[in-house]
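Trainee: Encoded as structure tokens, here's the structure I'll be asking about.
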Amino acid sequence: MRLSRYFLPVLKETPREAQIVSHRYMLQAGMIKQATAGIYSWLPLGFKVLRKLENIVHEEQQRAGHLPMLMPTLQPGELWEESGRDNSYGPEMLRVVDRHGRKMLYGPTNEEMITDIFRSHVTSYKELPLTLYHIQWKFRDEVRPRFGVMRGREFFMKDGYNFDLTKEDALHAYNRHLVSYLRTYERMGLKAIPMRADSGPIGGEDTHEFLVLAETGESEVFYDSIVTDLHLGDREVDYDNVEECQAIFDEWTAPYARTDETHDAAIFDAVPEDRRKVARGIEVGQIFYFGTKYSETMGAHVDDGKGNKVPVHMGSHGIGVSRLLGAIIEANHDDKGIIWPEGVTPYHCGIVNLKQGDAEADAACESLYTALTGFDLEPLYDDRQERAGAKFGTMDMIGLPWRITVGPRGLKNGVVELTRRRTGESIELPPEEAVARVA
Ligand code: ATP
Ligand code: MG
Ligand code: MG
Ligand code: MG
């Protein structure tokens with residue numbers, strides 16, 4: 001992409017409404033524009049990162065054997081009357097009445113709708129296990145929308161639902177989700193810790209939240225620091241293997257890690273003192289096992305093969321895809337701007353031309369552009385007639401992992417400058433070698 005043809009409305013002034021760094025940088029880098037409280041337009045740069053996160057979530061869900069689908073944003077009110085949550089969900093639900101006076105709502109979550117789909121089509125245990133998911137906009141009329149996309153009213157969420165014949169099978173689905181979530185967050189360059197949590201309005205017995213440690217997080221968390229040393233890395237996981245998924249679950253949940261809702265000081269005090277940490281965290285996902293809560297009230301039964309009709313065991317599992325942008329920036333930035341992890345960066349390498357219009361500099365930039373593209377990397381070429389300082393400021397703010405700076409003086413000696421955004425280290429080297437380093 002060439003900046004002269006892009007839409008990157010970088011703000012010169014610090015937006016005053018932003019209380020935390022991720023919100024400020026997303027506005028300053030021209031990634032989002034507020035439409036009204038808690039509702040945002042995603043401008044090209046923000047949208048590009050959002051799509052990358054969405055893709056990672058899709059890949060990891062499908063690797064775990066979960067099936068993608070898409071449910072609508074608007075739901076009929078009757079389904080929620082049937083489950084009983086119409087009353088209990090409260091004012092976070094945005095209710096709408098259509099021209100015929102029918103009650104509708106903008107979905108805050110989809111347990112009712114997916115249970116309705118399931119009961120309409122599945123009648124036998126032979127069709128289980130089944131896990132369906134979608135990534136769709138949700139609406140929750142939060143009392144205090146704030147922190148930009150971190151606590152929006154409209155937000156983008158992956159929500160998945162498992163249907164199983166027995167509790168054991170459903171707990172395997174739970175573990176499968178835990179593993180696939182760990183992998184998802186790692187690919188995004190994040191350390192997200194699974195923590196014992198409280199089930200809230202979804203209801204249920206077993207639940208873990210995934211928290212990214214950050215001072216600006218809204219949850220208070222208590223954990224044993226050894227949990228932060230765990231990595232899945234490129235460990236091959238057979239998601240159908242019950243013992244293997246259970247072992248990973250055990251490994252990650254053995255160290256003490258809880259949110260304030262389930263914190264138990266007596267157990268925490270048994271953790272060696274130097275490993276006992278109290279911190280703040282951002283909730284980027286949650287998994288639930290809730291048994292037959294919805295299948296019983298909504299009549300989602302299957303034939304169990306022994307002549308009985310039994311309610312299926314279910315769970316639901318969510319990832320806050322749009323909130324993750326904020327969480328990633330909270331965990332990866334400096335005073336100049338964002339520092340994207342490689343796995344989610346909107347572009348891989350910036351090219352800064354110090355003397356636009358100089359035949360040699362222009363030609364060198366063009367050939368870098370072609371070479372990077374040839375390696376399947378996406379360059380962002382600042383080809384505008386701008387001062388060098390302004391070009392560097394923009395590149396630092398939008399935080400691409402690499403920058404190649406091209407100017408007539410370096411070219412005379414056959415070199416360009418390669419800079420790593422995370423460390424600020426720069427080296428001079430011939431253009432081909434710069435490309436090889438980035439690739
Ligand atoms: P919170 O405690 O932050 O209000 P929640 O527990 O109500 O979140 P869940 O129902 O567990 O949210 O939804 C799954 C995920 O969706 C959450 O883990 C979070 O990452 C994301 N999410 C929830 N509410 C919002 C919101 N208002 N804006 C952005 N993302 C959200
Ligand atoms: Mg909430
Ligand atoms: Mg929560
Ligand atoms: Mg939650």
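We label chains A, B, ... in the order they appear in the structure tokens, count residues from 1 in each chain, and number ligands from 1 in the order shown.
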Within 8 Å of His208 of chain A, counting only C-alpha atoms, which residues show up once you throw out same-chain ones fewer than 6 positions away? Write them as a list in words, please.
Mentor: Pro194, Met195, Arg196, Ala197, Asp198, Gln286, Ile287 and Phe288 of chain A
Trainee: Around ligand 4, which protein and nucleic acid residues have at least one atom no more than 7 Å from it, if we count only C-alpha atoms and all ligand atoms? List them as a short mmCIF file (atom, residue, chain, number, x, y, z; two decimals) with C-alpha atoms, in the first residue's frame.
Mentor:
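Written output follows (out12.cif):
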```cif
data_model
loop_
_atom_site.label_atom_id
_atom_site.label_comp_id
_atom_site.auth_asym_id
_atom_site.auth_seq_id
_atom_site.Cartn_x
_atom_site.Cartn_y
_atom_site.Cartn_z
CA GLU A 209 -11.90 -16.17 32.12
CA GLU A 283 -10.88 -10.03 30.24
CA GLY A 285 -12.40 -14.32 26.71
CA GLN A 286 -14.44 -16.69 28.81
#
```
Trainee: Which chain A residues have any atom within 7 Å of an atom of ligand 1, and for each, what is the nearest pair of atoms with distance in Å to one decimal, counting only C-alpha atoms and all ligand atoms, rows sorted by chain and number, as a tab-separated table?
Mentor:
```
residue	atom	partner	partner_atom_place_in_ligand_line	distance
A:Arg140	CA	ligand 1	27 (N)	6.1
A:Glu142	CA	ligand 1	27 (N)	6.2
A:Pro145	CA	ligand 1	27 (N)	6.9
A:Val149	CA	ligand 1	29 (C)	5.9
A:Met150	CA	ligand 1	29 (C)	4.8
A:Arg151	CA	ligand 1	28 (N)	3.6
A:Gly152	CA	ligand 1	28 (N)	4.0
A:Arg153	CA	ligand 1	27 (N)	5.2
A:Glu154	CA	ligand 1	28 (N)	6.8
A:Phe155	CA	ligand 1	29 (C)	5.0
A:Phe156	CA	ligand 1	30 (N)	6.9
A:Met157	CA	ligand 1	16 (O)	5.6
A:Glu209	CA	ligand 1	18 (O)	6.8
A:Glu283	CA	ligand 1	18 (O)	4.9
A:Val284	CA	ligand 1	20 (O)	3.5
A:Gly285	CA	ligand 1	18 (O)	3.4
A:Gln286	CA	ligand 1	18 (O)	4.9
A:Gly318	CA	ligand 1	14 (C)	4.2
A:Ile319	CA	ligand 1	15 (C)	4.7
A:Gly320	CA	ligand 1	20 (O)	3.4
A:Val321	CA	ligand 1	20 (O)	6.9
A:Ser322	CA	ligand 1	29 (C)	6.2
A:Arg323	CA	ligand 1	30 (N)	4.7
```
Trainee: Could you pull the residues within 12 Å of Ala363 of chain A, counting only C-alpha atoms, minus those fewer than 6 positions along the same chain, as a PDB file with C-alpha atoms, in the first residue's frame?
Mentor:
```pdb
ATOM      1  CA  ASN A 353      11.436   7.852   1.314  1.00  0.00           C
ATOM      2  CA  LYS A 355      13.475  12.582  -0.695  1.00  0.00           C
ATOM      3  CA  GLN A 356      10.325  11.963  -2.634  1.00  0.00           C
ATOM      4  CA  GLY A 357      10.836  12.954  -6.280  1.00  0.00           C
ATOM      5  CA  TYR A 369       8.314  -2.514  -2.443  1.00  0.00           C
ATOM      6  CA  THR A 370       8.376  -5.146  -5.178  1.00  0.00           C
ATOM      7  CA  ASP A 383       5.509   8.189  -0.718  1.00  0.00           C
ATOM      8  CA  VAL A 406      15.784   5.355   1.986  1.00  0.00           C
ATOM      9  CA  GLY A 407      17.656   8.567   1.189  1.00  0.00           C
ATOM     10  CA  PRO A 408      20.058   9.839  -1.469  1.00  0.00           C
ATOM     11  CA  LEU A 411      22.142   5.226  -1.605  1.00  0.00           C
ATOM     12  CA  PRO A 431      18.636  -2.964   0.230  1.00  0.00           C
TER      13      PRO A 431
END
```
Trainee: Report as an MDAnalysis selection string: the residues of segment 243-338 of chain A with a DSSP assignment of alpha helix (DSSP H), based on the backbone of this structure.
Mentor: chainID A and resid 243:253 265:268 293:298 321:331
Trainee: In Å, how far is it from atom CA of Arg95 of chain A to atom CA of Asn162 of chain A?
Mentor: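 The value is 27.0 Å.
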Trainee: List the neighbours of segment 13-28 of chain A out to 7 Å using only C-alpha atoms; skip same-chain residues closer than 6 positions along the sequence, and give me the result as a list in words.
Mentor: Phe147, Gly148, Gly326, Ile329, Glu330, Gly337 and Ile338 of chain A
Trainee: As a PyMOL selection string, please: the residues near Val221 of chain A (cut-off 6 Å, only C-alpha atoms, same-chain neighbours under 3 positions excluded).
Mentor: chain A and resi 258-260+278-280
Trainee: Please, could you write that set of residues out with N, CA and C atoms as a PDB file, in the first residue's frame?
Mentor:
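So again-v9.pdb came out as:
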```
ATOM      1  N   ARG A 258      -7.016 -16.561  39.993  1.00  0.00           N
ATOM      2  CA  ARG A 258      -8.440 -16.273  40.121  1.00  0.00           C
ATOM      3  C   ARG A 258      -8.711 -14.776  40.037  1.00  0.00           C
ATOM      4  N   THR A 259      -9.938 -14.470  39.611  1.00  0.00           N
ATOM      5  CA  THR A 259     -10.362 -13.069  39.643  1.00  0.00           C
ATOM      6  C   THR A 259     -10.931 -12.789  41.038  1.00  0.00           C
ATOM      7  N   ASP A 260     -11.174 -11.513  41.317  1.00  0.00           N
ATOM      8  CA  ASP A 260     -11.634 -11.152  42.668  1.00  0.00           C
ATOM      9  C   ASP A 260     -12.949 -11.850  43.048  1.00  0.00           C
ATOM     10  N   VAL A 278      -0.674  -9.860  42.950  1.00  0.00           N
ATOM     11  CA  VAL A 278      -1.977  -9.202  42.875  1.00  0.00           C
ATOM     12  C   VAL A 278      -1.833  -8.143  41.795  1.00  0.00           C
ATOM     13  N   ALA A 279      -2.696  -8.195  40.793  1.00  0.00           N
ATOM     14  CA  ALA A 279      -2.513  -7.278  39.667  1.00  0.00           C
ATOM     15  C   ALA A 279      -3.871  -6.955  39.054  1.00  0.00           C
ATOM     16  N   ARG A 280      -3.832  -6.288  37.915  1.00  0.00           N
ATOM     17  CA  ARG A 280      -5.081  -6.005  37.202  1.00  0.00           C
ATOM     18  C   ARG A 280      -5.030  -6.673  35.835  1.00  0.00           C
TER      19      ARG A 280
END
```
Trainee: Which one of A:Glu218, A:Glu243, A:Asp224, A:Glu378 sits closest to ligand 2 if you count only C-alpha atoms and all ligand atoms?
Mentor: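 Smallest distance to ligand 2 is found for A:Glu218.
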Trainee: Out of segment 180-277 of chain A, which residues get strand (DSSP E) from DSSP, as a list in words?
Mentor: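 In segment 180-277 of chain A, DSSP puts these residues in strand (DSSP E): Ala192, Ile193, Pro194, Met195, Arg196, Asp206, Thr207, His208, Glu209, Phe210, Leu211, Val212, Leu213, Ser219, Glu220, Val221, Phe222, Tyr223, Asp224, Ala257, Arg258, Thr259, Arg276 and Lys277 of chain A.
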Trainee: Which residues come within 6 Å of segment 126-131 of chain A, counting only C-alpha atoms, excluding same-chain residues fewer than 4 positions away, as a PyMOL selection string?
Mentor: chain A and resi 66+161-164
Trainee: Report, in Å with one decimal, the straight-line distance from atom CA of Arg102 of chain A to atom CA of Arg85 of chain A.
Mentor: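 A separation of 17.5 Å between them.
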Trainee: One decimal, Å: what's the distance from atom CA of Tyr125 of chain A over to atom CA of Val302 of chain A, could you say?
Mentor: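 Spanning atom CA of Tyr125 of chain A to atom CA of Val302 of chain A is a straight-line distance of 5.9 Å.
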Trainee: Taking only C-alpha atoms and all ligand atoms into account, name the residue in A:Val179, A:Leu74, A:Leu53, A:Met93 that is nearest to ligand 2.
Mentor: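 Comparing A:Val179, A:Leu74, A:Leu53, A:Met93 against ligand 2, the winner is A:Met93.
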Trainee: Env of Glu111 of chain A: 10 Å cut, atoms = only C-alpha atoms, seq-sep filter 5 positions within chain, self excluded. Answer as a ChimeraX atom specification.
Mentor: /A:79-80,83,116,159-161,202,294-295,314-316
Trainee: I need the chosen residues saved as a PDB file, in the first residue's frame, with N, CA and C atoms.
Mentor:
```pdb
ATOM      1  N   LEU A  79     -37.739 -15.891  21.891  1.00  0.00           N
ATOM      2  CA  LEU A  79     -36.748 -16.887  22.318  1.00  0.00           C
ATOM      3  C   LEU A  79     -36.259 -16.584  23.734  1.00  0.00           C
ATOM      4  N   TRP A  80     -36.130 -15.317  24.026  1.00  0.00           N
ATOM      5  CA  TRP A  80     -35.630 -14.924  25.345  1.00  0.00           C
ATOM      6  C   TRP A  80     -36.727 -15.029  26.396  1.00  0.00           C
ATOM      7  N   SER A  83     -36.569 -18.759  27.355  1.00  0.00           N
ATOM      8  CA  SER A  83     -35.469 -19.155  28.246  1.00  0.00           C
ATOM      9  C   SER A  83     -35.593 -18.491  29.609  1.00  0.00           C
ATOM     10  N   ASP A 116     -32.223 -22.922  19.679  1.00  0.00           N
ATOM     11  CA  ASP A 116     -33.374 -23.053  18.787  1.00  0.00           C
ATOM     12  C   ASP A 116     -32.972 -23.729  17.465  1.00  0.00           C
ATOM     13  N   ASP A 159     -18.467 -16.187  19.459  1.00  0.00           N
ATOM     14  CA  ASP A 159     -19.132 -17.008  20.460  1.00  0.00           C
ATOM     15  C   ASP A 159     -19.424 -18.381  19.874  1.00  0.00           C
ATOM     16  N   GLY A 160     -19.069 -19.397  20.664  1.00  0.00           N
ATOM     17  CA  GLY A 160     -19.211 -20.778  20.206  1.00  0.00           C
ATOM     18  C   GLY A 160     -19.997 -21.572  21.233  1.00  0.00           C
ATOM     19  N   TYR A 161     -20.672 -22.608  20.745  1.00  0.00           N
ATOM     20  CA  TYR A 161     -21.587 -23.376  21.593  1.00  0.00           C
ATOM     21  C   TYR A 161     -21.385 -24.856  21.328  1.00  0.00           C
ATOM     22  N   ILE A 202     -24.887 -15.728  32.391  1.00  0.00           N
ATOM     23  CA  ILE A 202     -24.968 -16.883  31.495  1.00  0.00           C
ATOM     24  C   ILE A 202     -25.399 -18.103  32.322  1.00  0.00           C
ATOM     25  N   TYR A 294     -30.059 -24.567  29.347  1.00  0.00           N
ATOM     26  CA  TYR A 294     -30.883 -24.106  28.214  1.00  0.00           C
ATOM     27  C   TYR A 294     -31.596 -25.247  27.515  1.00  0.00           C
ATOM     28  N   SER A 295     -30.946 -26.410  27.450  1.00  0.00           N
ATOM     29  CA  SER A 295     -31.578 -27.519  26.727  1.00  0.00           C
ATOM     30  C   SER A 295     -32.844 -27.982  27.444  1.00  0.00           C
ATOM     31  N   MET A 314     -24.462 -28.560  27.425  1.00  0.00           N
ATOM     32  CA  MET A 314     -23.956 -27.450  26.606  1.00  0.00           C
ATOM     33  C   MET A 314     -22.929 -26.594  27.347  1.00  0.00           C
ATOM     34  N   GLY A 315     -22.233 -25.801  26.534  1.00  0.00           N
ATOM     35  CA  GLY A 315     -21.335 -24.788  27.077  1.00  0.00           C
ATOM     36  C   GLY A 315     -21.279 -23.659  26.073  1.00  0.00           C
ATOM     37  N   SER A 316     -20.844 -22.488  26.522  1.00  0.00           N
ATOM     38  CA  SER A 316     -20.633 -21.416  25.549  1.00  0.00           C
ATOM     39  C   SER A 316     -19.295 -20.757  25.833  1.00  0.00           C
TER      40      SER A 316
END
```
Trainee: Taking into account only C-alpha atoms, which residue in the set A:Leu372, A:Ala364, A:Val438, A:Leu45 is nearest to Lys412 of chain A?
Mentor: A:Ala364
Trainee: Pick out the closest residue to Arg421 of chain A from this set: A:Trp340, A:Phe290, A:Phe210, A:Trp42. Count only C-alpha atoms.
Mentor: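 Ranked by minimum distance to Arg421 of chain A, first place goes to A:Trp340.
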